[in-house]
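Structure file target-v2.cif with mmCIF, C-alpha atoms:
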data_work
loop_
_atom_site.group_PDB
_atom_site.id
_atom_site.type_symbol
_atom_site.label_atom_id
_atom_site.label_comp_id
_atom_site.auth_asym_id
_atom_site.auth_seq_id
_atom_site.Cartn_x
_atom_site.Cartn_y
_atom_site.Cartn_z
ATOM 1 C CA MET J 15 -56.330 -113.476 215.162
ATOM 2 C CA LYS J 16 -56.008 -110.402 217.371
ATOM 3 C CA LYS J 17 -53.617 -107.533 216.718
ATOM 4 C CA ILE J 18 -53.220 -104.040 218.155
ATOM 5 C CA ILE J 19 -52.165 -101.528 215.499
ATOM 6 C CA ASN J 20 -51.764 -97.821 216.276
ATOM 7 C CA GLY J 21 -53.573 -98.321 219.575
ATOM 8 C CA LYS J 22 -56.616 -100.010 218.005
ATOM 9 C CA LEU J 23 -57.660 -103.638 218.434
ATOM 10 C CA TYR J 24 -58.370 -105.716 215.324
ATOM 11 C CA ASN J 25 -59.970 -109.079 216.110
ATOM 12 C CA THR J 26 -61.183 -111.564 213.527
ATOM 13 C CA ASP J 27 -63.382 -113.264 216.169
ATOM 14 C CA THR J 28 -65.484 -110.163 216.867
ATOM 15 C CA ALA J 29 -65.453 -108.426 213.462
ATOM 16 C CA THR J 30 -67.897 -109.223 210.656
ATOM 17 C CA GLN J 31 -66.511 -111.165 207.725
ATOM 18 C CA ILE J 32 -67.396 -109.266 204.551
ATOM 19 C CA ALA J 33 -65.633 -111.079 201.687
ATOM 20 C CA ILE J 34 -63.001 -113.724 200.990
ATOM 21 C CA TYR J 35 -60.343 -113.916 198.278
ATOM 22 C CA ASN J 36 -58.079 -116.834 197.343
ATOM 23 C CA ASN J 37 -55.513 -116.520 194.566
ATOM 24 C CA GLY J 38 -56.287 -120.024 193.300
ATOM 25 C CA TYR J 39 -53.226 -121.851 194.585
ATOM 26 C CA TYR J 40 -53.619 -124.930 196.742
ATOM 27 C CA ILE J 41 -53.048 -124.503 200.479
ATOM 28 C CA ASN J 42 -49.775 -126.448 200.311
ATOM 29 C CA ASP J 43 -48.363 -124.222 197.526
ATOM 30 C CA PHE J 44 -45.742 -121.649 198.555
ATOM 31 C CA ASN J 45 -47.630 -118.985 196.521
ATOM 32 C CA CYS J 46 -51.024 -119.582 198.170
ATOM 33 C CA VAL J 47 -52.772 -116.452 199.509
ATOM 34 C CA TYR J 48 -56.045 -116.130 201.415
ATOM 35 C CA GLU J 49 -57.430 -112.701 202.299
ATOM 36 C CA THR J 50 -60.576 -111.938 204.245
ATOM 37 C CA LEU J 51 -62.100 -108.470 204.392
ATOM 38 C CA TYR J 52 -63.609 -107.649 207.788
ATOM 39 C CA ARG J 53 -65.597 -104.754 209.242
ATOM 40 C CA LYS J 54 -65.283 -103.913 212.915
ATOM 41 C CA ARG J 55 -68.267 -102.892 215.054
ATOM 42 C CA THR J 56 -66.913 -99.327 214.773
ATOM 43 C CA GLY J 57 -67.224 -99.499 210.980
ATOM 44 C CA GLU J 58 -63.502 -99.740 210.281
ATOM 45 C CA PHE J 59 -62.281 -102.223 207.683
ATOM 46 C CA PHE J 60 -59.298 -104.533 207.773
ATOM 47 C CA ILE J 61 -57.802 -107.468 205.911
ATOM 48 C CA HIS J 62 -56.677 -110.668 207.578
ATOM 49 C CA GLY J 63 -54.222 -112.119 205.093
ATOM 50 C CA GLU J 64 -52.301 -115.337 205.212
ATOM 51 C CA GLY J 65 -50.123 -117.165 202.781
ATOM 52 C CA GLY J 66 -47.306 -119.487 201.885
ATOM 53 C CA ALA J 67 -43.553 -119.098 201.981
ATOM 54 C CA MET J 68 -43.427 -117.155 198.688
ATOM 55 C CA SER J 69 -46.343 -114.845 199.475
ATOM 56 C CA GLU J 70 -46.331 -111.353 200.973
ATOM 57 C CA TYR J 71 -47.514 -112.915 204.236
ATOM 58 C CA SER J 72 -44.564 -115.275 204.743
ATOM 59 C CA VAL J 73 -42.501 -115.151 207.931
ATOM 60 C CA ARG J 74 -39.069 -116.442 208.882
ATOM 61 C CA CYS J 75 -39.090 -119.891 210.469
ATOM 62 C CA SER J 76 -36.805 -120.802 213.356
ATOM 63 C CA ASP J 77 -34.438 -122.562 210.946
ATOM 64 C CA GLY J 78 -34.068 -119.422 208.791
ATOM 65 C CA SER J 79 -36.291 -120.578 205.939
ATOM 66 C CA TRP J 80 -39.607 -118.952 205.017
ATOM 67 C CA CYS J 81 -42.926 -120.304 206.348
ATOM 68 C CA TRP J 82 -46.658 -119.734 206.140
ATOM 69 C CA GLY J 83 -47.567 -116.463 207.825
ATOM 70 C CA GLU J 84 -50.451 -114.130 208.542
ATOM 71 C CA LYS J 85 -51.084 -110.484 209.345
ATOM 72 C CA ILE J 86 -53.787 -107.888 209.759
ATOM 73 C CA ILE J 87 -53.849 -104.808 207.551
ATOM 74 C CA PRO J 88 -56.114 -101.875 208.530
ATOM 75 C CA LEU J 89 -57.957 -100.225 205.625
ATOM 76 C CA THR J 90 -59.866 -97.017 205.098
ATOM 77 C CA GLU J 91 -63.265 -97.332 203.438
ATOM 78 C CA LYS J 92 -61.649 -96.265 200.147
ATOM 79 C CA GLY J 93 -58.954 -98.905 200.682
ATOM 80 C CA ALA J 94 -61.635 -101.548 201.250
ATOM 81 C CA GLN J 95 -63.380 -100.431 198.069
ATOM 82 C CA ARG J 96 -60.117 -100.664 196.096
ATOM 83 C CA TRP J 97 -59.490 -104.154 197.515
ATOM 84 C CA ALA J 98 -63.036 -105.184 196.511
ATOM 85 C CA GLU J 99 -62.582 -103.765 192.984
ATOM 86 C CA VAL J 100 -59.546 -106.000 192.485
ATOM 87 C CA HIS J 101 -60.719 -109.170 194.226
ATOM 88 C CA LEU J 102 -64.514 -109.348 193.928
ATOM 89 C CA GLU J 103 -67.014 -109.710 191.121
ATOM 90 C CA ALA J 104 -69.046 -106.606 190.248
ATOM 91 C CA ASP J 105 -72.227 -107.909 191.905
ATOM 92 C CA GLU J 106 -70.375 -108.621 195.157
ATOM 93 C CA TYR J 107 -68.854 -105.129 195.116
ATOM 94 C CA ILE J 108 -72.258 -103.502 194.523
ATOM 95 C CA LYS J 109 -73.793 -105.514 197.367
ATOM 96 C CA LEU J 110 -71.138 -104.187 199.764
ATOM 97 C CA PHE J 111 -70.577 -100.612 198.596
ATOM 98 C CA GLY J 112 -73.481 -99.749 196.306
ATOM 99 C CA GLU J 113 -73.594 -98.978 192.620
ATOM 100 C CA PRO J 114 -70.564 -96.975 191.437
ATOM 101 C CA GLU J 115 -70.816 -94.195 188.864
ATOM 102 C CA GLU J 116 -70.779 -95.174 185.187
#

Let's see the structure in the file written out as structure tokens.
Amino acid sequence: MKKIINGKLYNTDTATQIAIYNNGYYINDFNCVYETLYRKRTGEFFIHGEGGAMSEYSVRCSDGSWCWGEKIIPLTEKGAQRWAEVHLEADEYIKLFGEPEE
């Protein structure tokens, strides 16, 4: 997916995939969410999220109902760290961002 946000290009084909999160629902469930954390060549982070009709990624279908949708969300480094704290295991977080303070 490619998206221009605030004059900057975010492209899942050219960015490096860092981590993946799935909320545990099956792909055909309306609550299903997949999020992938990416890092651009410039060092910027972003999320490519997608999900079912009852997720935060849903979009309106042509018939007025809600459908599977996707979007890109730019993140600061701190935002990427917060996302990783919530969605990754401690070892995965440390591998990406180093050992946090105790």

Practice task
Do a neighbour search on J:Gly66 at 10 Å with all atoms listed in the file, toss out local chain neighbours closer than 4 positions, and write the hits as number ranges by chain.
Solution key: J: 39-48, 70-73, 80-84

Exercise for the section: Provide the atom CA of J:Leu89 to atom CA of J:Cys75 distance in Å, to one decimal place. Expected result: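 Between atom CA of J:Leu89 and atom CA of J:Cys75 the gap works out to 27.7 Å.
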
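In this model, the gap between atom CA of J:Asp27 and atom CA of J:Arg53 comes to 11.2 Å.
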
Practice task
Could you jot down the atom CA of J:Ser69 to atom CA of J:Trp97 separation for me, Å, one decimal place?
Solution key: 17.1 Å

Please list as a JSON list (two decimals) with C-alpha atoms, in the coordinates of the input every residue within 12 Å of J:Gly93, counting all atoms listed in the file and excluding residues in the same chain fewer than 4 positions away.
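Contents of selection-v1.json, as written:
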[["chain", "number", "residue", "atom", "x", "y", "z"],
["J", 51, "LEU", "CA", -62.10, -108.47, 204.39],
["J", 58, "GLU", "CA", -63.50, -99.74, 210.28],
["J", 59, "PHE", "CA", -62.28, -102.22, 207.68],
["J", 60, "PHE", "CA", -59.30, -104.53, 207.77],
["J", 61, "ILE", "CA", -57.80, -107.47, 205.91],
["J", 87, "ILE", "CA", -53.85, -104.81, 207.55],
["J", 88, "PRO", "CA", -56.11, -101.88, 208.53],
["J", 89, "LEU", "CA", -57.96, -100.22, 205.62],
["J", 97, "TRP", "CA", -59.49, -104.15, 197.52],
["J", 98, "ALA", "CA", -63.04, -105.18, 196.51],
["J", 99, "GLU", "CA", -62.58, -103.76, 192.98],
["J", 100, "VAL", "CA", -59.55, -106.00, 192.48],
["J", 111, "PHE", "CA", -70.58, -100.61, 198.60]]

Handout entry: Proximity to J:Lys16 - best of J:Lys109, J:Arg96, J:Arg74, J:His62, only C-alpha atoms
Key =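 Going through J:Lys109, J:Arg96, J:Arg74, J:His62 one by one, the smallest distance to J:Lys16 is for J:His62.
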